[in-house]
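Chemist: File target_18.csv below, CSV, C-alpha atoms:
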chain,number,residue,atom,x,y,z
A,1,SER,CA,121.5,87.6,66.4
A,2,ARG,CA,122.7,90.0,69.0
A,3,SER,CA,119.2,91.2,69.8
A,4,SER,CA,117.8,87.7,70.2
A,5,LEU,CA,120.7,86.9,72.6
A,6,THR,CA,119.9,90.0,74.6
A,7,CYS,CA,116.2,89.1,74.8
A,8,LYS,CA,117.1,85.5,75.8
A,9,ALA,CA,119.3,86.8,78.7
A,10,ALA,CA,116.6,89.2,79.8
A,11,ALA,CA,114.1,86.4,79.9
A,12,GLN,CA,116.3,84.5,82.2
A,13,ASP,CA,116.2,87.3,84.8
A,14,PRO,CA,113.4,87.0,87.4
A,15,LEU,CA,110.0,88.5,86.6
A,16,LEU,CA,110.0,91.3,89.1
A,17,LEU,CA,113.4,92.6,88.0
A,18,ARG,CA,112.3,92.6,84.4
A,19,VAL,CA,109.1,94.5,85.1
A,20,ALA,CA,110.9,97.0,87.3
A,21,ARG,CA,113.2,97.7,84.4
A,22,GLY,CA,110.1,98.6,82.4
A,23,GLU,CA,110.1,95.5,80.2
A,24,GLU,CA,107.0,93.7,79.1
A,25,ALA,CA,106.4,90.4,80.8
A,26,GLU,CA,104.0,87.5,80.9
A,27,ARG,CA,102.2,88.7,84.0
A,28,THR,CA,102.2,91.2,86.8
A,29,PRO,CA,104.7,90.4,89.6
A,30,VAL,CA,103.5,89.9,93.2
A,31,TRP,CA,105.6,90.6,96.3
A,32,LEU,CA,105.2,91.9,99.8
A,33,MET,CA,107.1,95.2,100.4
A,34,ARG,CA,108.5,94.8,103.9
A,35,GLN,CA,108.7,92.1,106.7
A,36,ALA,CA,106.7,89.8,104.5
A,37,GLY,CA,106.4,87.0,107.0
A,38,ARG,CA,105.1,88.9,110.1
A,39,TYR,CA,101.7,87.2,109.9
A,40,MET,CA,103.2,83.7,109.9
A,41,ALA,CA,103.4,81.6,113.1
A,42,GLU,CA,107.0,80.5,112.5
A,43,PHE,CA,108.0,84.2,112.0
A,44,ARG,CA,106.2,85.2,115.2
A,45,ALA,CA,107.9,82.5,117.1
A,46,TYR,CA,111.2,84.4,116.5
A,47,SER,CA,109.6,87.6,117.6
A,48,ASP,CA,108.5,86.1,120.8
A,49,LYS,CA,112.0,84.7,121.5
A,50,TYR,CA,114.4,87.4,120.3
A,51,PRO,CA,114.4,91.3,120.3
A,52,PHE,CA,114.1,93.0,117.0
A,53,ARG,CA,117.7,94.2,116.5
A,54,MET,CA,119.0,90.8,117.4
A,55,ARG,CA,116.8,89.3,114.7
A,56,SER,CA,117.6,91.8,112.1
A,57,GLU,CA,121.4,92.0,112.8
A,58,THR,CA,122.0,88.2,113.2
A,59,PRO,CA,122.6,87.0,109.6
A,60,ASP,CA,121.3,83.4,110.2
A,61,ILE,CA,118.1,84.6,111.8
A,62,ALA,CA,117.5,87.5,109.3
A,63,THR,CA,118.1,85.2,106.4
A,64,GLU,CA,115.6,82.6,107.7
A,65,LEU,CA,113.0,85.3,108.4
A,66,SER,CA,113.4,86.6,104.8
A,67,LEU,CA,113.0,83.2,103.3
A,68,GLN,CA,110.0,81.9,105.3
A,69,PRO,CA,107.3,83.6,103.2
A,70,TRP,CA,109.1,82.9,99.9
A,71,ARG,CA,109.3,79.2,100.7
A,72,ALA,CA,105.6,79.2,101.7
A,73,PHE,CA,104.1,81.2,98.8
A,74,LYS,CA,106.8,81.8,96.2
A,75,PRO,CA,106.2,85.5,95.6
A,76,ASP,CA,108.2,87.2,92.9
A,77,GLY,CA,110.3,89.2,95.3
A,78,VAL,CA,112.3,88.4,98.4
A,79,ILE,CA,112.7,91.4,100.8
A,80,PHE,CA,115.5,91.1,103.2
A,81,PHE,CA,114.5,91.3,106.9
A,82,SER,CA,115.7,94.6,108.2
A,83,ASP,CA,114.4,98.1,109.1
A,84,ILE,CA,114.7,101.6,107.7
A,85,LEU,CA,116.5,102.6,110.9
A,86,THR,CA,119.2,100.0,110.6
A,87,PRO,CA,121.9,102.3,109.3
A,88,LEU,CA,121.4,104.9,112.0
A,89,PRO,CA,123.7,103.4,114.7
A,90,ALA,CA,126.6,103.5,112.2
A,91,LEU,CA,126.1,107.3,112.1
A,92,GLY,CA,126.0,107.6,115.9
A,93,ILE,CA,122.2,107.5,116.3
A,94,VAL,CA,121.5,104.5,118.5
A,95,PHE,CA,118.0,103.1,118.5
A,96,ASP,CA,116.1,100.1,119.9
A,97,VAL,CA,112.7,98.6,119.1
A,98,ILE,CA,110.5,98.1,122.1
A,99,LYS,CA,107.9,95.3,121.6
A,100,GLY,CA,104.4,96.8,121.4
A,101,LYS,CA,105.8,100.4,121.3
A,102,GLY,CA,108.0,100.6,118.3
A,103,PRO,CA,111.4,102.3,117.7
A,104,ARG,CA,113.0,104.4,120.5
A,105,ILE,CA,115.9,106.8,120.2
A,106,ASP,CA,117.2,107.9,123.6
A,107,SER,CA,119.1,110.9,122.3
A,108,PRO,CA,117.1,112.6,119.7
A,109,ILE,CA,118.9,114.9,117.2
A,110,ARG,CA,117.7,118.5,118.0
A,111,SER,CA,120.8,120.7,117.7
A,112,MET,CA,123.4,121.7,115.1
A,113,GLU,CA,126.1,120.4,117.4
A,114,GLN,CA,124.5,116.9,117.4
A,115,VAL,CA,124.3,117.0,113.6
A,116,LYS,CA,127.9,118.0,113.3
A,117,GLY,CA,128.9,115.2,115.6
A,118,LEU,CA,127.3,112.5,113.4
A,119,ARG,CA,129.6,110.1,111.7
A,120,PRO,CA,129.7,109.6,107.9
A,121,LEU,CA,129.0,106.2,106.5
A,122,ASP,CA,132.4,105.7,105.1
A,123,ASP,CA,132.8,102.0,105.6
A,124,PRO,CA,129.5,100.1,105.9
A,125,LEU,CA,131.3,96.8,105.5
A,126,THR,CA,132.8,97.5,108.9
A,127,SER,CA,130.0,99.3,110.6
A,128,LEU,CA,127.1,97.2,109.1
A,129,PRO,CA,128.7,93.9,108.2
A,130,PHE,CA,125.5,91.9,108.8
A,131,VAL,CA,123.7,93.6,106.0
A,132,HIS,CA,126.2,92.4,103.4
A,133,GLU,CA,126.1,88.9,104.9
A,134,ILE,CA,122.3,88.7,104.9
A,135,LEU,CA,121.9,90.0,101.3
A,136,SER,CA,124.7,87.9,99.9
A,137,SER,CA,123.3,84.7,101.6
A,138,LEU,CA,119.8,85.5,100.3
A,139,ARG,CA,121.1,86.0,96.7
A,140,LYS,CA,122.7,82.5,96.8
A,141,GLU,CA,119.6,80.9,98.4
A,142,VAL,CA,117.1,82.4,96.0
A,143,ASP,CA,119.4,81.6,93.1
A,144,GLY,CA,117.5,83.6,90.4
A,145,GLN,CA,114.1,82.1,91.2
A,146,ALA,CA,112.9,85.5,92.5
A,147,THR,CA,114.1,89.1,92.7
A,148,LEU,CA,116.1,90.1,95.8
A,149,LEU,CA,115.0,93.5,97.1
A,150,GLY,CA,116.9,95.8,99.4
A,151,PHE,CA,115.3,98.9,101.0
A,152,VAL,CA,116.0,102.1,102.8
A,153,GLY,CA,114.0,105.0,104.3
A,154,THR,CA,114.1,108.4,102.8
A,155,PRO,CA,116.2,111.2,104.5
A,156,TRP,CA,113.0,112.9,105.6
A,157,THR,CA,111.6,109.8,107.3
A,158,LEU,CA,114.8,109.0,109.0
A,159,ALA,CA,115.3,112.6,110.1
A,160,ALA,CA,111.8,112.7,111.6
A,161,TYR,CA,112.5,109.5,113.6
A,162,ALA,CA,115.9,110.9,114.7
A,163,VAL,CA,114.3,114.2,115.8
A,164,GLU,CA,111.2,112.7,117.5
A,165,GLY,CA,113.0,109.8,119.0
A,166,LYS,CA,110.0,107.6,118.3
A,167,ALA,CA,107.0,107.3,116.0
A,168,ASP,CA,104.8,110.4,116.6
A,169,ARG,CA,101.6,111.0,114.8
A,170,ASP,CA,102.1,114.8,114.9
A,171,CYS,CA,105.8,115.1,114.4
A,172,LYS,CA,105.8,118.1,116.8
A,173,GLN,CA,109.5,118.4,117.5
A,174,THR,CA,110.4,118.0,113.8
A,175,LYS,CA,107.7,120.5,112.7
A,176,MET,CA,109.0,123.0,115.4
A,177,ILE,CA,112.5,122.7,113.9
A,178,MET,CA,111.2,123.0,110.4
A,179,PHE,CA,109.5,126.3,111.1
A,180,ASN,CA,112.0,127.8,113.6
A,181,ASN,CA,115.3,126.4,112.4
A,182,PRO,CA,115.0,125.0,108.9
A,183,ALA,CA,118.8,125.2,108.5
A,184,LEU,CA,119.2,122.5,111.2
A,185,LEU,CA,116.7,120.2,109.5
A,186,HIS,CA,118.4,120.7,106.1
A,187,ALA,CA,121.8,119.9,107.7
A,188,LEU,CA,120.5,116.7,109.1
A,189,LEU,CA,118.9,115.8,105.7
A,190,GLU,CA,122.1,116.5,103.9
A,191,HIS,CA,124.0,114.2,106.2
A,192,LEU,CA,121.4,111.4,105.9
A,193,THR,CA,121.3,111.8,102.1
A,194,ALA,CA,125.1,111.2,101.8
A,195,ALA,CA,124.9,108.2,104.1
A,196,LEU,CA,121.9,106.7,102.3
A,197,ILE,CA,123.6,107.0,98.9
A,198,THR,CA,126.4,104.9,100.3
A,199,TYR,CA,124.0,102.5,102.0
A,200,VAL,CA,122.0,101.8,98.9
A,201,GLY,CA,125.2,101.1,96.9
A,202,TYR,CA,126.3,98.8,99.7
A,203,GLN,CA,123.1,96.8,99.4
A,204,ILE,CA,123.4,96.6,95.7
A,205,GLU,CA,127.1,95.4,95.9
A,206,ALA,CA,125.9,92.8,98.4
A,207,GLY,CA,123.3,91.4,96.0
A,208,ALA,CA,120.1,93.5,96.0
A,209,GLN,CA,118.7,93.5,92.5
A,210,VAL,CA,116.0,96.2,93.1
A,211,VAL,CA,116.0,98.8,95.9
A,212,GLN,CA,112.8,100.2,97.5
A,213,LEU,CA,112.9,103.7,98.9
A,214,PHE,CA,110.3,104.3,101.6
A,215,ASP,CA,109.1,107.7,102.6
A,216,SER,CA,107.0,106.4,105.5
A,217,TRP,CA,106.3,109.8,107.0
A,218,ALA,CA,105.6,111.7,103.8
A,219,HIS,CA,102.0,112.1,104.9
A,220,HIS,CA,103.1,114.5,107.6
A,221,LEU,CA,104.1,117.0,105.0
A,222,SER,CA,102.1,119.5,103.0
A,223,PRO,CA,102.8,119.6,99.2
A,224,GLU,CA,105.1,122.6,99.8
A,225,GLN,CA,106.9,121.0,102.7
A,226,PHE,CA,107.3,117.7,100.7
A,227,ALA,CA,108.8,119.7,97.8
A,228,GLU,CA,111.4,121.3,100.2
A,229,PHE,CA,112.2,118.7,102.8
A,230,SER,CA,111.7,115.3,101.2
A,231,LEU,CA,111.5,115.1,97.5
A,232,PRO,CA,114.8,116.8,96.6
A,233,TYR,CA,116.8,114.6,98.9
A,234,ALA,CA,115.1,111.4,97.7
A,235,ASN,CA,115.8,112.5,94.2
A,236,ARG,CA,119.4,113.0,95.0
A,237,ILE,CA,119.6,109.4,96.2
A,238,THR,CA,117.9,108.0,93.1
A,239,GLU,CA,120.0,110.1,90.8
A,240,ALA,CA,123.3,109.1,92.4
A,241,VAL,CA,122.4,105.4,92.5
A,242,ARG,CA,121.2,105.4,88.9
A,243,ALA,CA,124.5,107.1,87.8
A,244,LYS,CA,126.6,104.4,89.4
A,245,TYR,CA,124.2,101.4,89.0
A,246,PRO,CA,122.1,102.1,86.0
A,247,HIS,CA,121.0,98.4,85.8
A,248,VAL,CA,119.3,98.5,89.2
A,249,PRO,CA,115.7,99.7,89.4
A,250,ILE,CA,114.5,101.9,92.3
A,251,ILE,CA,111.0,101.7,93.6
A,252,PHE,CA,109.8,104.9,95.4
A,253,HIS,CA,106.9,104.7,97.8
A,254,ALA,CA,105.6,107.7,99.7
A,255,ASN,CA,103.1,107.0,102.4
A,256,GLY,CA,99.9,108.9,101.7
A,257,GLY,CA,100.8,109.4,98.1
A,258,THR,CA,98.7,106.6,96.7
For the file at hand, write its structure as structure tokens.
Modeler:
Amino acid sequence: SRSSLTCKAAAQDPLLLRVARGEEAERTPVWLMRQAGRYMAEFRAYSDKYPFRMRSETPDIATELSLQPWRAFKPDGVIFFSDILTPLPALGIVFDVIKGKGPRIDSPIRSMEQVKGLRPLDDPLTSLPFVHEILSSLRKEVDGQATLLGFVGTPWTLAAYAVEGKADRDCKQTKMIMFNNPALLHALLEHLTAALITYVGYQIEAGAQVVQLFDSWAHHLSPEQFAEFSLPYANRITEAVRAKYPHVPIIFHANGGT
């Protein structure tokens, strides 16, 4: 029957994908959400040899780093080796990752002129070609034995990084703009939201079967601030992606929310 064929096809999909779609399954899936191999000696050997952006933007290296923990432990999900800041240079926000210190943005976004000068993410295949190559290679390598996960940061988290220029436990500069010039922050969030909608779709077209949306800096916001500066923009991403790719589940994680 038609229903039995549908069930059979679904059963052939990897476990994590089926569970993320809300289907009943034989067990709970297990996966590591980001940079799954960072505790492994072979993973750290690459960290000692190559800077972060080289590792994450060189397809052969990023593919290998994504596969190491899957080969070793066979979790139900394979997360591609990348960073939430990866799309920023395509918009004109250049960053680097300094070992032992974390991300650094030399020209933080703190004026409306800077926001207006940001580029749209019109052609990610040209501006971020390595992302497509990494994900498509991983999809072939995994070959249905696990779920391939893409991921992005939320507009709020990327905006906070872009304004602070680094990880800051107080978000002082961002909070100052939030209180004194909220229109500037909303303009930056609008630009990032449009870019991230495109970026998520790009990851899906490249092979991501599930996409994780990380609000890493949600804990810096009060409930009222979260309702104004984070959640509406995250919701716009999920709504736009679901409208175009209804078959692709989205996992939302807000730091401090669990």
Chemist: Considering all atoms listed in the file, can you say which of A:Leu221, A:Ala45, A:Lys116, A:Val200 comes closest to Met178 in chain A?
Modeler: A:Leu221
Chemist: Which residues are near Asp122 in chain A? Cut-off 9 Å, all atoms listed in the file, ignore same chain within fewer than 3 positions. Put them as an mmCIF file with C-alpha atoms, keeping the file's coordinate frame.
Modeler:
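Saved as part.cif:
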data_model
loop_
_atom_site.group_PDB
_atom_site.id
_atom_site.type_symbol
_atom_site.label_atom_id
_atom_site.label_comp_id
_atom_site.auth_asym_id
_atom_site.auth_seq_id
_atom_site.Cartn_x
_atom_site.Cartn_y
_atom_site.Cartn_z
ATOM 1 C CA ARG A 119 129.600 110.100 111.700
ATOM 2 C CA LEU A 125 131.300 96.800 105.500
ATOM 3 C CA SER A 127 130.000 99.300 110.600
ATOM 4 C CA ALA A 195 124.900 108.200 104.100
ATOM 5 C CA THR A 198 126.400 104.900 100.300
#
Chemist: Within 8 Å of (120.1, 109.6, 121.5), all atoms listed in the file: residues as a count of residues only?
Modeler: 9
Chemist: In Å, how far is it from CA of Gln209 in chain A to CA of Leu91 in chain A?
Modeler: 25.1 Å
Chemist: Looking at A:Leu213, A:Ala240, A:Ala227, A:Met112, which one is nearest to Ala254 in chain A, with distances taken over only C-alpha atoms?
Modeler: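 Between A:Leu213, A:Ala240, A:Ala227, A:Met112, the residue approaching Ala254 in chain A most closely is A:Leu213.
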Chemist: Choose the residue, out of A:Ser136, A:Ser111, A:Ser56, A:Thr157, that has the smallest atom-to-atom separation from Ile204 in chain A; count only C-alpha atoms.
Modeler: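 Answer, going by the shortest atom-to-atom distance: A:Ser136.
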Chemist: With only C-alpha atoms as the basis for distance, which of A:Gly144, A:Pro120, A:Gly37, A:Pro249 is at the shortest distance from Leu188 in chain A?
Modeler: A:Pro120
Chemist: Pick out the closest residue to Lys172 in chain A from this set: A:Gly22, A:Gln203, A:Val131, A:Arg110. Count only C-alpha atoms.
Modeler: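 Residue with the minimum atom-to-atom distance to Lys172 in chain A: A:Arg110.
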Chemist: If you measure from CA of Glu228 in chain A to CA of Asp123 in chain A, what distance in Å do you get, rounded to one decimal?
Modeler: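 That distance, rounded to one decimal, is 29.3 Å.
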Chemist: Could you tell me which of A:Tyr50, A:Ser216, A:Arg38, A:Pro14 comes closest to Leu148 in chain A if we count only C-alpha atoms?
Modeler: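 Of all the options, A:Pro14 lies closest to Leu148 in chain A.
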Chemist: Between CA of Leu128 in chain A and CA of His219 in chain A, what is the distance, to one decimal in Å?
Modeler: 29.5 Å
Chemist: Tell me, as a list in words, which residues lie within 9 Å of Gln145 in chain A, counting only C-alpha atoms; anything in the same chain fewer than 6 positions away does not count.
Modeler: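 Near neighbours after the sequence-gap exclusion: Asp13, Pro14, Leu15, Lys74 and Asp76 of chain A.
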Chemist: Neighbours of range 29-33 of chain A within 8 Å (only C-alpha atoms; same-chain residues fewer than 3 positions away dropped), as a PDB file with C-alpha atoms, in the coordinates of the input?
Modeler:
ATOM      1  CA  LEU A  15     110.000  88.500  86.600  1.00  0.00           C
ATOM      2  CA  LEU A  16     110.000  91.300  89.100  1.00  0.00           C
ATOM      3  CA  VAL A  19     109.100  94.500  85.100  1.00  0.00           C
ATOM      4  CA  ALA A  36     106.700  89.800 104.500  1.00  0.00           C
ATOM      5  CA  PRO A  75     106.200  85.500  95.600  1.00  0.00           C
ATOM      6  CA  ASP A  76     108.200  87.200  92.900  1.00  0.00           C
ATOM      7  CA  GLY A  77     110.300  89.200  95.300  1.00  0.00           C
ATOM      8  CA  VAL A  78     112.300  88.400  98.400  1.00  0.00           C
ATOM      9  CA  ILE A  79     112.700  91.400 100.800  1.00  0.00           C
TER      10      ILE A  79
END
Chemist: Tell me which protein, DNA and RNA residues are within 10 Å of range 66-68 of chain A, counting all atoms listed in the file, leaving out same-chain ones fewer than 2 positions away, and put them as an mmCIF file with C-alpha atoms, in the frame of the given file.
Modeler:
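To be explicit, this is the file written out as part-v6.cif:
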data_model
loop_
_atom_site.group_PDB
_atom_site.id
_atom_site.type_symbol
_atom_site.label_atom_id
_atom_site.label_comp_id
_atom_site.auth_asym_id
_atom_site.auth_seq_id
_atom_site.Cartn_x
_atom_site.Cartn_y
_atom_site.Cartn_z
ATOM 1 C CA ARG A 34 108.500 94.800 103.900
ATOM 2 C CA GLN A 35 108.700 92.100 106.700
ATOM 3 C CA ALA A 36 106.700 89.800 104.500
ATOM 4 C CA GLY A 37 106.400 87.000 107.000
ATOM 5 C CA ARG A 38 105.100 88.900 110.100
ATOM 6 C CA MET A 40 103.200 83.700 109.900
ATOM 7 C CA GLU A 42 107.000 80.500 112.500
ATOM 8 C CA PHE A 43 108.000 84.200 112.000
ATOM 9 C CA SER A 56 117.600 91.800 112.100
ATOM 10 C CA ILE A 61 118.100 84.600 111.800
ATOM 11 C CA ALA A 62 117.500 87.500 109.300
ATOM 12 C CA THR A 63 118.100 85.200 106.400
ATOM 13 C CA GLU A 64 115.600 82.600 107.700
ATOM 14 C CA TRP A 70 109.100 82.900 99.900
ATOM 15 C CA ARG A 71 109.300 79.200 100.700
ATOM 16 C CA ALA A 72 105.600 79.200 101.700
ATOM 17 C CA PHE A 73 104.100 81.200 98.800
ATOM 18 C CA LYS A 74 106.800 81.800 96.200
ATOM 19 C CA VAL A 78 112.300 88.400 98.400
ATOM 20 C CA ILE A 79 112.700 91.400 100.800
ATOM 21 C CA PHE A 80 115.500 91.100 103.200
ATOM 22 C CA PHE A 81 114.500 91.300 106.900
ATOM 23 C CA SER A 82 115.700 94.600 108.200
ATOM 24 C CA ILE A 134 122.300 88.700 104.900
ATOM 25 C CA LEU A 135 121.900 90.000 101.300
ATOM 26 C CA LEU A 138 119.800 85.500 100.300
ATOM 27 C CA GLU A 141 119.600 80.900 98.400
ATOM 28 C CA VAL A 142 117.100 82.400 96.000
#
Chemist: Could you name the residues that touch Val210 in chain A at 8 Å or less, counting only C-alpha atoms, but leaving out those on the same chain fewer than 3 positions away, as a PyMOL selection string?
Modeler: chain A and resi 17+20+147-150+204+248-251
Chemist: Generate the missing atoms of range 141-166 of chain A up to N, CA, C and O atoms and report them as a compact mmCIF listing (two decimals), in the frame of the given file.
Modeler:
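The result, stored in out_15.txt:
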# COMPACT_ATOMS: atom_id res chain seq x y z
N GLU A 141 120.73 81.80 98.11
CA GLU A 141 119.60 80.90 98.40
C GLU A 141 118.50 81.01 97.38
O GLU A 141 117.94 80.00 96.94
N VAL A 142 118.19 82.21 96.96
CA VAL A 142 117.10 82.40 96.00
C VAL A 142 117.53 81.94 94.61
O VAL A 142 116.70 81.43 93.84
N ASP A 143 118.79 82.16 94.27
CA ASP A 143 119.40 81.60 93.10
C ASP A 143 118.60 81.90 91.79
O ASP A 143 118.32 81.02 90.97
N GLY A 144 118.19 83.17 91.65
CA GLY A 144 117.50 83.60 90.40
C GLY A 144 116.07 83.22 90.28
O GLY A 144 115.44 83.55 89.28
N GLN A 145 115.51 82.55 91.29
CA GLN A 145 114.10 82.10 91.20
C GLN A 145 113.15 83.28 91.56
O GLN A 145 111.95 83.18 91.32
N ALA A 146 113.65 84.33 92.17
CA ALA A 146 112.90 85.50 92.50
C ALA A 146 113.85 86.69 92.55
O ALA A 146 115.06 86.51 92.51
N THR A 147 113.31 87.89 92.64
CA THR A 147 114.10 89.10 92.70
C THR A 147 114.43 89.44 94.16
O THR A 147 113.52 89.47 95.00
N LEU A 148 115.70 89.69 94.46
CA LEU A 148 116.10 90.10 95.80
C LEU A 148 115.99 91.60 95.94
O LEU A 148 116.64 92.34 95.20
N LEU A 149 115.19 92.04 96.91
CA LEU A 149 115.00 93.50 97.10
C LEU A 149 115.65 93.97 98.38
O LEU A 149 115.51 93.38 99.45
N GLY A 150 116.37 95.07 98.23
CA GLY A 150 116.90 95.80 99.40
C GLY A 150 115.93 96.99 99.62
O GLY A 150 115.01 97.25 98.84
N PHE A 151 116.14 97.70 100.72
CA PHE A 151 115.30 98.90 101.00
C PHE A 151 115.98 99.83 101.95
O PHE A 151 116.81 99.43 102.77
N VAL A 152 115.58 101.10 101.85
CA VAL A 152 116.00 102.10 102.80
C VAL A 152 114.86 103.09 103.01
O VAL A 152 113.89 103.12 102.25
N GLY A 153 114.96 103.87 104.07
CA GLY A 153 114.00 105.00 104.30
C GLY A 153 114.56 106.22 103.62
O GLY A 153 115.75 106.33 103.33
N THR A 154 113.69 107.17 103.35
CA THR A 154 114.10 108.40 102.80
C THR A 154 114.80 109.29 103.88
O THR A 154 114.58 109.08 105.07
N PRO A 155 115.60 110.28 103.48
CA PRO A 155 116.20 111.20 104.50
C PRO A 155 115.13 111.85 105.36
O PRO A 155 115.33 111.96 106.58
N TRP A 156 114.00 112.27 104.78
CA TRP A 156 113.00 112.90 105.60
C TRP A 156 112.44 111.97 106.67
O TRP A 156 112.33 112.35 107.85
N THR A 157 112.11 110.76 106.30
CA THR A 157 111.60 109.80 107.30
C THR A 157 112.56 109.49 108.37
O THR A 157 112.21 109.47 109.56
N LEU A 158 113.83 109.27 108.00
CA LEU A 158 114.80 109.00 109.00
C LEU A 158 115.10 110.22 109.88
O LEU A 158 115.33 110.10 111.09
N ALA A 159 115.07 111.40 109.28
CA ALA A 159 115.30 112.60 110.10
C ALA A 159 114.14 112.80 111.08
O ALA A 159 114.39 113.16 112.24
N ALA A 160 112.91 112.54 110.67
CA ALA A 160 111.80 112.70 111.60
C ALA A 160 111.90 111.70 112.76
O ALA A 160 111.66 112.07 113.92
N TYR A 161 112.28 110.47 112.48
CA TYR A 161 112.50 109.50 113.60
C TYR A 161 113.64 109.99 114.48
O TYR A 161 113.54 109.92 115.71
N ALA A 162 114.73 110.49 113.87
CA ALA A 162 115.90 110.90 114.70
C ALA A 162 115.56 112.11 115.55
O ALA A 162 116.08 112.23 116.66
N VAL A 163 114.71 113.00 115.07
CA VAL A 163 114.30 114.20 115.80
C VAL A 163 113.29 113.86 116.91
O VAL A 163 113.39 114.29 118.06
N GLU A 164 112.28 113.08 116.54
CA GLU A 164 111.20 112.70 117.50
C GLU A 164 111.69 111.75 118.55
O GLU A 164 111.24 111.78 119.69
N GLY A 165 112.54 110.84 118.13
CA GLY A 165 113.00 109.80 119.00
C GLY A 165 112.04 108.62 119.11
O GLY A 165 112.28 107.65 119.82
N LYS A 166 110.97 108.69 118.34
CA LYS A 166 110.00 107.60 118.30
C LYS A 166 108.97 107.97 117.19
O LYS A 166 109.03 109.05 116.59
